$ cat final11.cif   # mmCIF, C-alpha atoms and all ligand atoms
data_structure
loop_
_atom_site.group_PDB
_atom_site.id
_atom_site.type_symbol
_atom_site.label_atom_id
_atom_site.label_comp_id
_atom_site.auth_asym_id
_atom_site.auth_seq_id
_atom_site.Cartn_x
_atom_site.Cartn_y
_atom_site.Cartn_z
ATOM 1 C CA MET A 1 35.400 2.461 -63.180
ATOM 2 C CA LYS A 2 35.045 4.474 -66.393
ATOM 3 C CA GLY A 3 31.445 4.704 -67.531
ATOM 4 C CA LEU A 4 29.918 3.749 -64.176
ATOM 5 C CA LYS A 5 26.965 5.899 -63.127
ATOM 6 C CA ALA A 6 26.843 7.409 -59.659
ATOM 7 C CA ILE A 7 24.589 9.507 -57.455
ATOM 8 C CA VAL A 8 26.163 11.524 -54.645
ATOM 9 C CA THR A 9 23.896 13.343 -52.190
ATOM 10 C CA GLY A 10 24.857 16.601 -50.494
ATOM 11 C CA ALA A 11 27.723 17.150 -52.944
ATOM 12 C CA GLY A 12 27.611 20.949 -52.953
ATOM 13 C CA SER A 13 30.228 21.033 -50.211
ATOM 14 C CA GLY A 14 32.664 19.138 -48.008
ATOM 15 C CA ILE A 15 32.926 15.380 -48.234
ATOM 16 C CA GLY A 16 30.254 15.038 -50.941
ATOM 17 C CA ARG A 17 32.106 17.415 -53.236
ATOM 18 C CA ALA A 18 35.409 15.575 -52.626
ATOM 19 C CA ILE A 19 33.714 12.252 -53.472
ATOM 20 C CA ALA A 20 32.205 13.697 -56.663
ATOM 21 C CA LEU A 21 35.627 14.964 -57.748
ATOM 22 C CA ALA A 22 37.313 11.645 -56.987
ATOM 23 C CA LEU A 23 34.662 9.796 -59.021
ATOM 24 C CA ALA A 24 35.092 12.302 -61.860
ATOM 25 C CA LYS A 25 38.836 11.598 -62.006
ATOM 26 C CA GLU A 26 37.936 7.940 -62.696
ATOM 27 C CA GLY A 27 35.572 8.839 -65.556
ATOM 28 C CA VAL A 28 32.362 8.067 -63.655
ATOM 29 C CA ASP A 29 29.158 9.851 -64.794
ATOM 30 C CA ILE A 30 27.738 11.736 -61.819
ATOM 31 C CA ALA A 31 24.384 13.106 -60.676
ATOM 32 C CA LEU A 32 24.585 15.476 -57.710
ATOM 33 C CA VAL A 33 21.305 14.830 -55.906
ATOM 34 C CA GLY A 34 19.873 17.083 -53.218
ATOM 35 C CA GLY A 35 21.095 20.198 -51.509
ATOM 36 C CA LYS A 36 19.314 23.414 -50.783
ATOM 37 C CA ARG A 37 22.167 25.704 -51.913
ATOM 38 C CA GLU A 38 21.907 25.457 -55.684
ATOM 39 C CA GLU A 39 24.926 27.727 -56.268
ATOM 40 C CA LYS A 40 27.158 25.270 -54.374
ATOM 41 C CA LEU A 41 25.933 22.363 -56.507
ATOM 42 C CA LYS A 42 26.632 24.404 -59.634
ATOM 43 C CA GLU A 43 30.206 24.992 -58.413
ATOM 44 C CA THR A 44 30.684 21.248 -57.866
ATOM 45 C CA LYS A 45 29.242 20.466 -61.310
ATOM 46 C CA GLU A 46 31.736 22.886 -62.903
ATOM 47 C CA LEU A 47 34.649 21.352 -60.987
ATOM 48 C CA VAL A 48 33.549 17.840 -61.979
ATOM 49 C CA GLU A 49 33.175 18.821 -65.622
ATOM 50 C CA LYS A 50 36.729 20.255 -65.567
ATOM 51 C CA GLU A 51 37.839 16.678 -64.883
ATOM 52 C CA GLY A 52 36.081 15.661 -68.103
ATOM 53 C CA ALA A 53 33.215 13.793 -66.449
ATOM 54 C CA LYS A 54 29.539 13.985 -67.312
ATOM 55 C CA CYS A 55 27.638 15.726 -64.510
ATOM 56 C CA GLU A 56 24.311 17.340 -63.633
ATOM 57 C CA TYR A 57 22.791 18.532 -60.388
ATOM 58 C CA PHE A 58 19.256 18.173 -59.016
ATOM 59 C CA ALA A 59 18.823 20.584 -56.123
ATOM 60 C CA GLY A 60 16.225 20.295 -53.394
ATOM 61 C CA ASP A 61 15.433 19.465 -49.807
ATOM 62 C CA LEU A 62 15.505 15.674 -49.710
ATOM 63 C CA ARG A 63 13.370 15.634 -46.568
ATOM 64 C CA GLU A 64 10.423 16.257 -48.882
ATOM 65 C CA ASP A 65 9.321 12.888 -50.263
ATOM 66 C CA LYS A 66 8.191 14.264 -53.609
ATOM 67 C CA THR A 67 11.386 16.306 -54.056
ATOM 68 C CA LEU A 68 13.484 13.225 -53.342
ATOM 69 C CA GLU A 69 11.502 11.082 -55.754
ATOM 70 C CA ASP A 70 11.543 13.743 -58.500
ATOM 71 C CA CYS A 71 15.292 14.343 -58.040
ATOM 72 C CA TYR A 72 15.908 10.607 -58.305
ATOM 73 C CA LYS A 73 13.804 10.267 -61.461
ATOM 74 C CA SER A 74 15.619 13.167 -63.129
ATOM 75 C CA ALA A 75 19.020 11.840 -62.057
ATOM 76 C CA LYS A 76 18.196 8.369 -63.388
ATOM 77 C CA ALA A 77 17.015 9.839 -66.704
ATOM 78 C CA PHE A 78 20.253 11.849 -66.954
ATOM 79 C CA LEU A 79 22.512 8.899 -66.108
ATOM 80 C CA GLY A 80 20.543 6.191 -67.900
ATOM 81 C CA GLY A 81 21.078 3.705 -65.048
ATOM 82 C CA LEU A 82 22.745 3.486 -61.660
ATOM 83 C CA ASP A 83 25.778 1.623 -60.302
ATOM 84 C CA VAL A 84 26.836 3.628 -57.263
ATOM 85 C CA LEU A 85 24.748 5.397 -54.617
ATOM 86 C CA ILE A 86 26.605 7.550 -52.098
ATOM 87 C CA ASN A 87 24.345 8.617 -49.229
ATOM 88 C CA ASN A 88 26.368 11.532 -47.911
ATOM 89 C CA ALA A 89 23.982 14.434 -47.165
ATOM 90 C CA GLY A 90 23.850 15.012 -43.437
ATOM 91 C CA LEU A 91 23.217 17.418 -40.594
ATOM 92 C CA THR A 92 24.734 17.764 -37.174
ATOM 93 C CA HIS A 93 23.875 19.604 -33.975
ATOM 94 C CA ASN A 94 25.606 20.185 -30.660
ATOM 95 C CA SER A 95 23.581 20.718 -27.507
ATOM 96 C CA LEU A 96 22.721 19.058 -24.233
ATOM 97 C CA LEU A 97 19.613 16.869 -24.355
ATOM 98 C CA GLU A 98 17.607 19.273 -22.190
ATOM 99 C CA ASN A 99 18.389 22.120 -24.596
ATOM 100 C CA THR A 100 17.630 20.171 -27.766
ATOM 101 C CA GLU A 101 14.330 21.052 -29.431
ATOM 102 C CA MET A 102 12.398 18.046 -30.739
ATOM 103 C CA LYS A 103 12.452 19.758 -34.145
ATOM 104 C CA VAL A 104 16.260 19.376 -34.116
ATOM 105 C CA PHE A 105 15.956 15.685 -33.300
ATOM 106 C CA ASP A 106 13.360 15.217 -36.068
ATOM 107 C CA ASP A 107 15.565 17.026 -38.610
ATOM 108 C CA MET A 108 18.571 14.946 -37.657
ATOM 109 C CA MET A 109 16.640 11.698 -38.054
ATOM 110 C CA ALA A 110 15.040 12.931 -41.285
ATOM 111 C CA VAL A 111 18.257 13.932 -43.071
ATOM 112 C CA ASN A 112 20.670 11.367 -41.616
ATOM 113 C CA VAL A 113 18.416 8.283 -41.605
ATOM 114 C CA ARG A 114 15.116 8.732 -43.421
ATOM 115 C CA VAL A 115 16.646 10.312 -46.539
ATOM 116 C CA PRO A 116 19.242 7.533 -47.105
ATOM 117 C CA TYR A 117 16.556 4.926 -46.351
ATOM 118 C CA HIS A 118 14.067 6.481 -48.775
ATOM 119 C CA LEU A 119 16.588 7.187 -51.544
ATOM 120 C CA THR A 120 17.993 3.664 -51.341
ATOM 121 C CA LYS A 121 14.469 2.226 -51.488
ATOM 122 C CA VAL A 122 13.727 4.278 -54.589
ATOM 123 C CA ALA A 123 17.051 3.381 -56.264
ATOM 124 C CA LEU A 124 17.175 -0.325 -55.415
ATOM 125 C CA ALA A 125 15.444 -1.674 -58.525
ATOM 126 C CA ASP A 126 17.940 0.165 -60.760
ATOM 127 C CA LEU A 127 20.913 -0.947 -58.669
ATOM 128 C CA LYS A 128 19.730 -4.536 -59.085
ATOM 129 C CA ASN A 129 20.223 -4.112 -62.849
ATOM 130 C CA SER A 130 23.867 -3.117 -62.369
ATOM 131 C CA LYS A 131 26.704 -5.652 -62.558
ATOM 132 C CA ARG A 132 28.752 -3.564 -60.122
ATOM 133 C CA ALA A 133 26.314 -2.054 -57.672
ATOM 134 C CA SER A 134 27.511 -0.377 -54.491
ATOM 135 C CA ILE A 135 25.847 1.718 -51.824
ATOM 136 C CA ILE A 136 28.072 3.710 -49.490
ATOM 137 C CA ASN A 137 26.599 5.422 -46.454
ATOM 138 C CA ILE A 138 28.669 8.158 -44.875
ATOM 139 C CA ALA A 139 28.114 7.482 -41.189
ATOM 140 C CA SER A 140 30.467 8.788 -38.485
ATOM 141 C CA VAL A 141 32.505 7.691 -35.516
ATOM 142 C CA VAL A 142 29.445 8.806 -33.532
ATOM 143 C CA ALA A 143 27.692 5.764 -35.008
ATOM 144 C CA HIS A 144 29.931 3.798 -32.615
ATOM 145 C CA SER A 145 30.529 5.988 -29.631
ATOM 146 C CA GLY A 146 28.527 8.591 -27.769
ATOM 147 C CA TYR A 147 29.846 12.105 -27.434
ATOM 148 C CA ALA A 148 28.266 14.494 -24.952
ATOM 149 C CA TRP A 149 26.282 17.274 -26.655
ATOM 150 C CA GLN A 150 25.623 15.067 -29.685
ATOM 151 C CA SER A 151 22.793 12.791 -28.532
ATOM 152 C CA ALA A 152 20.538 13.503 -31.522
ATOM 153 C CA TYR A 153 23.364 13.283 -34.066
ATOM 154 C CA SER A 154 24.729 10.132 -32.447
ATOM 155 C CA ALA A 155 21.289 8.478 -32.366
ATOM 156 C CA SER A 156 20.819 9.240 -36.073
ATOM 157 C CA LYS A 157 24.218 7.869 -37.094
ATOM 158 C CA HIS A 158 23.746 4.717 -34.962
ATOM 159 C CA ALA A 159 20.471 4.253 -36.850
ATOM 160 C CA LEU A 160 22.183 4.797 -40.206
ATOM 161 C CA LEU A 161 24.785 2.163 -39.334
ATOM 162 C CA GLY A 162 22.023 -0.257 -38.301
ATOM 163 C CA PHE A 163 20.275 0.330 -41.615
ATOM 164 C CA THR A 164 23.578 -0.255 -43.461
ATOM 165 C CA LYS A 165 24.154 -3.594 -41.731
ATOM 166 C CA ALA A 166 20.630 -4.893 -42.300
ATOM 167 C CA LEU A 167 20.480 -3.786 -45.920
ATOM 168 C CA SER A 168 23.863 -5.313 -46.744
ATOM 169 C CA ALA A 169 22.545 -8.678 -45.502
ATOM 170 C CA GLU A 170 19.362 -8.241 -47.550
ATOM 171 C CA VAL A 171 20.989 -7.518 -50.908
ATOM 172 C CA TYR A 172 24.425 -9.139 -50.944
ATOM 173 C CA LYS A 173 23.170 -12.248 -52.775
ATOM 174 C CA GLU A 174 22.055 -9.935 -55.568
ATOM 175 C CA GLY A 175 25.589 -8.605 -55.932
ATOM 176 C CA ILE A 176 24.931 -5.255 -54.279
ATOM 177 C CA ARG A 177 27.618 -4.241 -51.839
ATOM 178 C CA VAL A 178 26.641 -1.962 -48.989
ATOM 179 C CA HIS A 179 29.316 -0.214 -46.934
ATOM 180 C CA ALA A 180 29.640 2.418 -44.255
ATOM 181 C CA VAL A 181 32.463 4.931 -44.072
ATOM 182 C CA SER A 182 32.683 6.418 -40.587
ATOM 183 C CA PRO A 183 35.003 9.367 -40.155
ATOM 184 C CA GLY A 184 35.894 11.393 -37.079
ATOM 185 C CA GLY A 185 36.263 15.172 -37.330
ATOM 186 C CA VAL A 186 36.651 16.189 -40.973
ATOM 187 C CA PHE A 187 37.619 19.748 -41.869
ATOM 188 C CA THR A 188 34.373 20.885 -43.576
ATOM 189 C CA ASP A 189 31.759 23.616 -42.991
ATOM 190 C CA MET A 190 29.899 21.179 -40.730
ATOM 191 C CA VAL A 191 32.740 20.787 -38.279
ATOM 192 C CA LYS A 192 33.804 24.442 -38.522
ATOM 193 C CA ILE A 193 30.299 25.459 -37.388
ATOM 194 C CA SER A 194 29.459 22.682 -34.934
ATOM 195 C CA ARG A 195 32.884 22.137 -33.319
ATOM 196 C CA PRO A 196 34.776 25.440 -33.441
ATOM 197 C CA ASP A 197 36.760 24.108 -30.453
ATOM 198 C CA LEU A 198 38.552 21.540 -32.674
ATOM 199 C CA ASN A 199 41.984 22.497 -33.956
ATOM 200 C CA PRO A 200 42.132 22.112 -37.767
ATOM 201 C CA ASP A 201 45.737 20.852 -37.480
ATOM 202 C CA GLY A 202 45.712 17.084 -37.662
ATOM 203 C CA MET A 203 42.086 16.912 -38.722
ATOM 204 C CA ILE A 204 40.846 14.549 -41.419
ATOM 205 C CA MET A 205 40.453 16.205 -44.828
ATOM 206 C CA PRO A 206 37.457 15.570 -47.146
ATOM 207 C CA GLU A 207 39.885 13.960 -49.614
ATOM 208 C CA ASP A 208 40.881 11.384 -46.971
ATOM 209 C CA VAL A 209 37.256 10.283 -46.848
ATOM 210 C CA SER A 210 36.870 10.262 -50.633
ATOM 211 C CA SER A 211 40.039 8.089 -50.863
ATOM 212 C CA ALA A 212 38.398 5.541 -48.564
ATOM 213 C CA VAL A 213 35.244 5.607 -50.687
ATOM 214 C CA MET A 214 37.278 5.093 -53.860
ATOM 215 C CA PHE A 215 39.172 2.226 -52.227
ATOM 216 C CA LEU A 216 35.874 0.433 -51.551
ATOM 217 C CA LEU A 217 34.604 1.023 -55.071
ATOM 218 C CA LYS A 218 37.819 0.103 -56.888
ATOM 219 C CA ASN A 219 38.694 -2.986 -54.859
ATOM 220 C CA ARG A 220 35.672 -5.064 -55.653
ATOM 221 C CA THR A 221 37.299 -8.411 -54.964
ATOM 222 C CA ASN A 222 36.402 -11.479 -52.920
ATOM 223 C CA ALA A 223 37.560 -9.587 -49.851
ATOM 224 C CA VAL A 224 34.629 -7.445 -48.801
ATOM 225 C CA ILE A 225 35.197 -4.545 -46.428
ATOM 226 C CA ASP A 226 31.995 -3.713 -44.560
ATOM 227 C CA GLU A 227 33.043 -0.470 -42.943
ATOM 228 C CA ILE A 228 35.980 1.891 -42.827
ATOM 229 C CA LEU A 229 36.467 3.759 -39.565
ATOM 230 C CA ILE A 230 38.704 6.800 -39.815
ATOM 231 C CA HIS A 231 39.957 8.651 -36.754
ATOM 232 C CA ARG A 232 41.800 11.928 -36.425
ATOM 233 C CA ASP A 233 45.556 12.056 -36.119
ATOM 234 C CA GLY A 234 46.198 12.736 -32.438
ATOM 235 C CA LYS A 235 43.335 10.513 -31.286
ATOM 236 C CA GLN A 236 44.345 7.280 -29.638
ATOM 237 C CA PRO A 237 44.098 4.319 -32.078
ATOM 238 C CA PHE A 238 40.840 2.371 -31.753
ATOM 239 C CA MET A 239 39.394 5.111 -29.530
ATOM 240 C CA VAL A 240 36.843 6.537 -31.938
HETATM 241 N N1 LIG A 301 32.635 16.909 -40.986
HETATM 242 C C1 LIG A 301 32.732 15.942 -40.117
HETATM 243 O O1 LIG A 301 33.460 16.051 -39.125
HETATM 244 C C2 LIG A 301 32.004 14.629 -40.333
HETATM 245 C C3 LIG A 301 32.422 13.519 -39.579
HETATM 246 C C4 LIG A 301 31.761 12.315 -39.771
HETATM 247 C C5 LIG A 301 30.726 12.216 -40.662
HETATM 248 N N2 LIG A 301 30.342 13.305 -41.379
HETATM 249 C C6 LIG A 301 29.223 13.146 -42.302
HETATM 250 O O2 LIG A 301 29.657 13.450 -43.613
HETATM 251 C C7 LIG A 301 28.536 13.883 -44.383
HETATM 252 C C8 LIG A 301 28.902 15.148 -45.134
HETATM 253 O O3 LIG A 301 29.139 16.191 -44.207
HETATM 254 P P1 LIG A 301 30.234 17.362 -44.414
HETATM 255 O O4 LIG A 301 31.151 17.322 -43.268
HETATM 256 O O5 LIG A 301 30.782 17.298 -45.786
HETATM 257 O O6 LIG A 301 29.323 18.652 -44.165
HETATM 258 P P2 LIG A 301 28.666 19.717 -45.154
HETATM 259 O O7 LIG A 301 29.728 20.382 -45.955
HETATM 260 O O8 LIG A 301 27.793 20.532 -44.296
HETATM 261 O O9 LIG A 301 27.805 18.794 -46.141
HETATM 262 C C9 LIG A 301 26.517 18.328 -45.848
HETATM 263 C C10 LIG A 301 25.731 18.352 -47.129
HETATM 264 O O10 LIG A 301 24.431 17.787 -46.888
HETATM 265 C C11 LIG A 301 23.481 18.569 -47.568
HETATM 266 N N3 LIG A 301 22.175 18.533 -46.907
HETATM 267 C C12 LIG A 301 21.885 18.843 -45.621
HETATM 268 N N4 LIG A 301 20.563 18.787 -45.413
HETATM 269 C C13 LIG A 301 20.002 18.427 -46.593
HETATM 270 C C14 LIG A 301 18.668 18.204 -47.028
HETATM 271 N N5 LIG A 301 17.620 18.355 -46.197
HETATM 272 N N6 LIG A 301 18.449 17.851 -48.312
HETATM 273 C C15 LIG A 301 19.495 17.711 -49.165
HETATM 274 N N7 LIG A 301 20.776 17.895 -48.821
HETATM 275 C C16 LIG A 301 21.027 18.257 -47.553
HETATM 276 C C17 LIG A 301 24.025 19.995 -47.512
HETATM 277 O O11 LIG A 301 23.515 20.775 -48.594
HETATM 278 P P3 LIG A 301 22.708 22.158 -48.354
HETATM 279 O O12 LIG A 301 23.294 22.799 -47.150
HETATM 280 O O13 LIG A 301 22.942 22.930 -49.606
HETATM 281 O O14 LIG A 301 21.282 21.748 -48.188
HETATM 282 C C18 LIG A 301 25.522 19.779 -47.633
HETATM 283 O O15 LIG A 301 25.993 19.898 -48.960
HETATM 284 C C19 LIG A 301 27.377 14.042 -43.404
HETATM 285 O O16 LIG A 301 26.535 12.905 -43.479
HETATM 286 C C20 LIG A 301 28.065 14.092 -42.055
HETATM 287 O O17 LIG A 301 27.226 13.668 -41.009
HETATM 288 C C21 LIG A 301 30.960 14.517 -41.248
#
$ encode --input "final11.cif" --output "structure tokens"
Amino acid sequence: MKGLKAIVTGAGSGIGRAIALALAKEGVDIALVGGKREEKLKETKELVEKEGAKCEYFAGDLREDKTLEDCYKSAKAFLGGLDVLINNAGLTHNSLLENTEMKVFDDMMAVNVRVPYHLTKVALADLKNSKRASIINIASVVAHSGYAWQSAYSASKHALLGFTKALSAEVYKEGIRVHAVSPGGVFTDMVKISRPDLNPDGMIMPEDVSSAVMFLLKNRTNAVIDEILIHRDGKQPFMV
């Protein structure tokens, strides 16, 4: 994978940071795109550079169309092309439907669906020029099942999975592989804040998710894996 060029969104923390570090270990050049906490992106950049990889960050709120487009342009100029797009940035929220403000629903749809849709649209022409193009969308087990208190989050991740399926059918003849990775509870800031009831013991770690991402990217054979579903230890198998 050495020399491939990748964009990872929301890589200032959690799963995105773990993916950036895993890519760095393989010698991939990385642009960290999007994220409102610039200091967190800087930390990830420094960690990635310690692995010897080329890295830059482009901070901003990707819900803003112009910010997203400017971040992409700068990232493309830095990388000089694009082989891998990891749509990871995401938001979650826990509340009953009747207590959920429409603003929360709109934010969830904006960050979890509209941003990956828009960024992929902007990046597609460059991915078409790659001989090894992959798009990986970090969905969730809630893209498959419905958990109480997560109606907005679940709706957004179902939509992201639908987008993933349709896009993969649209671009596979052009050699672009599109996958979803759908984890259950991962021990990151997101889950610490939104599900303080979950016991960290036996939870999925960000590195478990980055391993699955690397598996998809490294094993580019005739056997195509559309989606990887990852559930927590302690959950019944196949009960996402
Ligand atoms: N943790 C879990 O249990 C779990 C399970 C399944 C799926 N996932 C998915 O995994 C992905 C990563 O989540 P995580 O667990 O690693 O949580 P996290 O540490 O909170 O990471 C989410 C990242 O998304 C970025 N982000 C949020 N809103 C953004 C916006 N408007 N513009 C640009 N970036 C934005 C955040 O950056 P800033 O805060 O700096 O803006 C942050 O770095 C998400 O898509 C999430 O839905 C998580």
$ resolve_selection --input "final11.cif" --expression "the PyMOL selection byres (((chain A and resi 61-64) around 7) and not hetatm)" --output "compact mmCIF listing (two decimals) with C-alpha atoms, in the frame of the given file"
# COMPACT_ATOMS: atom_id res chain seq x y z
CA GLY A 34 19.87 17.08 -53.22
CA GLY A 35 21.10 20.20 -51.51
CA LYS A 36 19.31 23.41 -50.78
CA GLY A 60 16.23 20.30 -53.39
CA ASP A 65 9.32 12.89 -50.26
CA LYS A 66 8.19 14.26 -53.61
CA THR A 67 11.39 16.31 -54.06
CA LEU A 68 13.48 13.22 -53.34
CA ALA A 110 15.04 12.93 -41.28
CA VAL A 111 18.26 13.93 -43.07
CA VAL A 115 16.65 10.31 -46.54
$ resolve_selection --input "final11.cif" --expression "the PyMOL selection byres (((chain A and resi 123) around 12) and not hetatm)" --output "ChimeraX atom specification"
/A:6-7,68-73,75-76,81-87,115-122,124-130,133-135,176
$ atom_distance --input "final11.cif" --atom1 "atom CA of A:Asn112" --atom2 "atom CA of A:Gly14"
15.7 Å
$ closest_residue --input "final11.cif" --among "A:Lys5, A:His231, A:Arg132, A:Lys103" --to "A:Lys54" --atoms "all atoms listed in the file"
A:Lys5
$ closest_atom_pairs --input "final11.cif" --of "chain A" --to "ligand LIG 301 (chain A)" --cutoff "6 Å" --atoms "all atoms listed in the file" --output "tab-separated table"
residue	atom	partner	partner_atom	distance
A:Gly10	CA	A:LIG301	C11	3.8
A:Ala11	CA	A:LIG301	O15	5.1
A:Gly12	CA	A:LIG301	O15	4.4
A:Ser13	CA	A:LIG301	O7	4.3
A:Gly14	CA	A:LIG301	O5	3.4
A:Ile15	CA	A:LIG301	O5	3.8
A:Gly16	CA	A:LIG301	O5	5.7
A:Gly34	CA	A:LIG301	C15	4.1
A:Gly35	CA	A:LIG301	N7	3.6
A:Lys36	CA	A:LIG301	O14	3.7
A:Arg37	CA	A:LIG301	O13	3.7
A:Gly60	CA	A:LIG301	C15	5.9
A:Asp61	CA	A:LIG301	N6	3.7
A:Leu62	CA	A:LIG301	N6	3.9
A:Arg63	CA	A:LIG301	N5	5.1
A:Asn88	CA	A:LIG301	O16	4.6
A:Ala89	CA	A:LIG301	O10	3.4
A:Gly90	CA	A:LIG301	O16	3.4
A:Leu91	CA	A:LIG301	C12	5.4
A:Val111	CA	A:LIG301	N5	5.5
A:Ile138	CA	A:LIG301	O16	5.4
A:Ala139	CA	A:LIG301	C5	5.4
A:Ser140	CA	A:LIG301	C4	4.0
A:Pro183	CA	A:LIG301	C4	4.4
A:Gly184	CA	A:LIG301	C3	4.8
A:Gly185	CA	A:LIG301	O1	3.4
A:Val186	CA	A:LIG301	O1	3.7
A:Phe187	CA	A:LIG301	N1	5.8
A:Thr188	CA	A:LIG301	O4	4.8
A:Asp189	CA	A:LIG301	O7	4.8
A:Met190	CA	A:LIG301	O8	4.2
A:Val191	CA	A:LIG301	N1	4.7
$ atom_distance --input "final11.cif" --atom1 "atom CA of A:Ala18" --atom2 "atom CA of A:Glu227"
18.9 Å
$ residues_near_point --input "final11.cif" --point "(24.9, -5.4, -43.9)" --cutoff "10 Å" --atoms "all atoms listed in the file" --output "PyMOL selection string"
chain A and resi 161-172+177-180+226-227
$ atom_distance --input "final11.cif" --atom1 "atom CA of A:Phe78" --atom2 "atom CA of A:Lys131"
19.2 Å
$ residues_around --input "final11.cif" --residues "A:Thr221" --least-positions-apart "4" --cutoff "12 Å" --atoms "all atoms listed in the file" --output "CSV table (one decimal) with C-alpha atoms, in the coordinates of the input"
chain,number,residue,atom,x,y,z
A,132,ARG,CA,28.8,-3.6,-60.1
A,175,GLY,CA,25.6,-8.6,-55.9
A,177,ARG,CA,27.6,-4.2,-51.8
A,215,PHE,CA,39.2,2.2,-52.2
A,216,LEU,CA,35.9,0.4,-51.6
A,217,LEU,CA,34.6,1.0,-55.1
A,225,ILE,CA,35.2,-4.5,-46.4
$ resolve_selection --input "final11.cif" --expression "the PyMOL selection byres (((chain A and resi 55-57) around 7) and not hetatm)" --output "list in words"
Asp29, Ile30, Ala31, Leu32, Val33, Leu41, Lys45, Val48, Glu49, Ala53, Lys54, Phe58 and Ala59 of chain A
$ build_atoms --input "final11.cif" --residues "stretch 154-165 of chain A" --atoms "N, CA, C and O atoms" --output "CSV table (one decimal), keeping the file's coordinate frame"
chain,number,residue,atom,x,y,z
A,154,SER,N,24.2,11.5,-32.7
A,154,SER,CA,24.7,10.1,-32.4
A,154,SER,C,23.6,9.1,-32.7
A,154,SER,O,23.8,8.0,-33.3
A,155,ALA,N,22.4,9.4,-32.2
A,155,ALA,CA,21.3,8.5,-32.4
A,155,ALA,C,21.0,8.3,-33.9
A,155,ALA,O,20.8,7.1,-34.3
A,156,SER,N,21.1,9.4,-34.6
A,156,SER,CA,20.8,9.2,-36.1
A,156,SER,C,21.9,8.4,-36.8
A,156,SER,O,21.6,7.6,-37.7
A,157,LYS,N,23.1,8.6,-36.4
A,157,LYS,CA,24.2,7.9,-37.1
A,157,LYS,C,24.3,6.4,-36.6
A,157,LYS,O,24.6,5.5,-37.4
A,158,HIS,N,23.9,6.1,-35.4
A,158,HIS,CA,23.7,4.7,-35.0
A,158,HIS,C,22.7,4.1,-35.8
A,158,HIS,O,22.8,2.9,-36.3
A,159,ALA,N,21.6,4.8,-36.0
A,159,ALA,CA,20.5,4.3,-36.8
A,159,ALA,C,20.9,4.0,-38.3
A,159,ALA,O,20.6,3.0,-38.9
A,160,LEU,N,21.7,5.0,-38.8
A,160,LEU,CA,22.2,4.8,-40.2
A,160,LEU,C,23.1,3.6,-40.3
A,160,LEU,O,23.0,2.8,-41.3
A,161,LEU,N,23.9,3.3,-39.3
A,161,LEU,CA,24.8,2.2,-39.3
A,161,LEU,C,23.9,0.9,-39.2
A,161,LEU,O,24.2,-0.1,-39.9
A,162,GLY,N,22.9,0.9,-38.4
A,162,GLY,CA,22.0,-0.3,-38.3
A,162,GLY,C,21.4,-0.6,-39.6
A,162,GLY,O,21.3,-1.7,-40.1
A,163,PHE,N,20.9,0.5,-40.3
A,163,PHE,CA,20.3,0.3,-41.6
A,163,PHE,C,21.3,-0.3,-42.6
A,163,PHE,O,21.0,-1.2,-43.4
A,164,THR,N,22.5,0.2,-42.5
A,164,THR,CA,23.6,-0.3,-43.5
A,164,THR,C,23.8,-1.8,-43.3
A,164,THR,O,23.9,-2.5,-44.2
A,165,LYS,N,23.9,-2.2,-42.0
A,165,LYS,CA,24.2,-3.6,-41.7
A,165,LYS,C,23.0,-4.5,-42.2
A,165,LYS,O,23.2,-5.5,-42.9
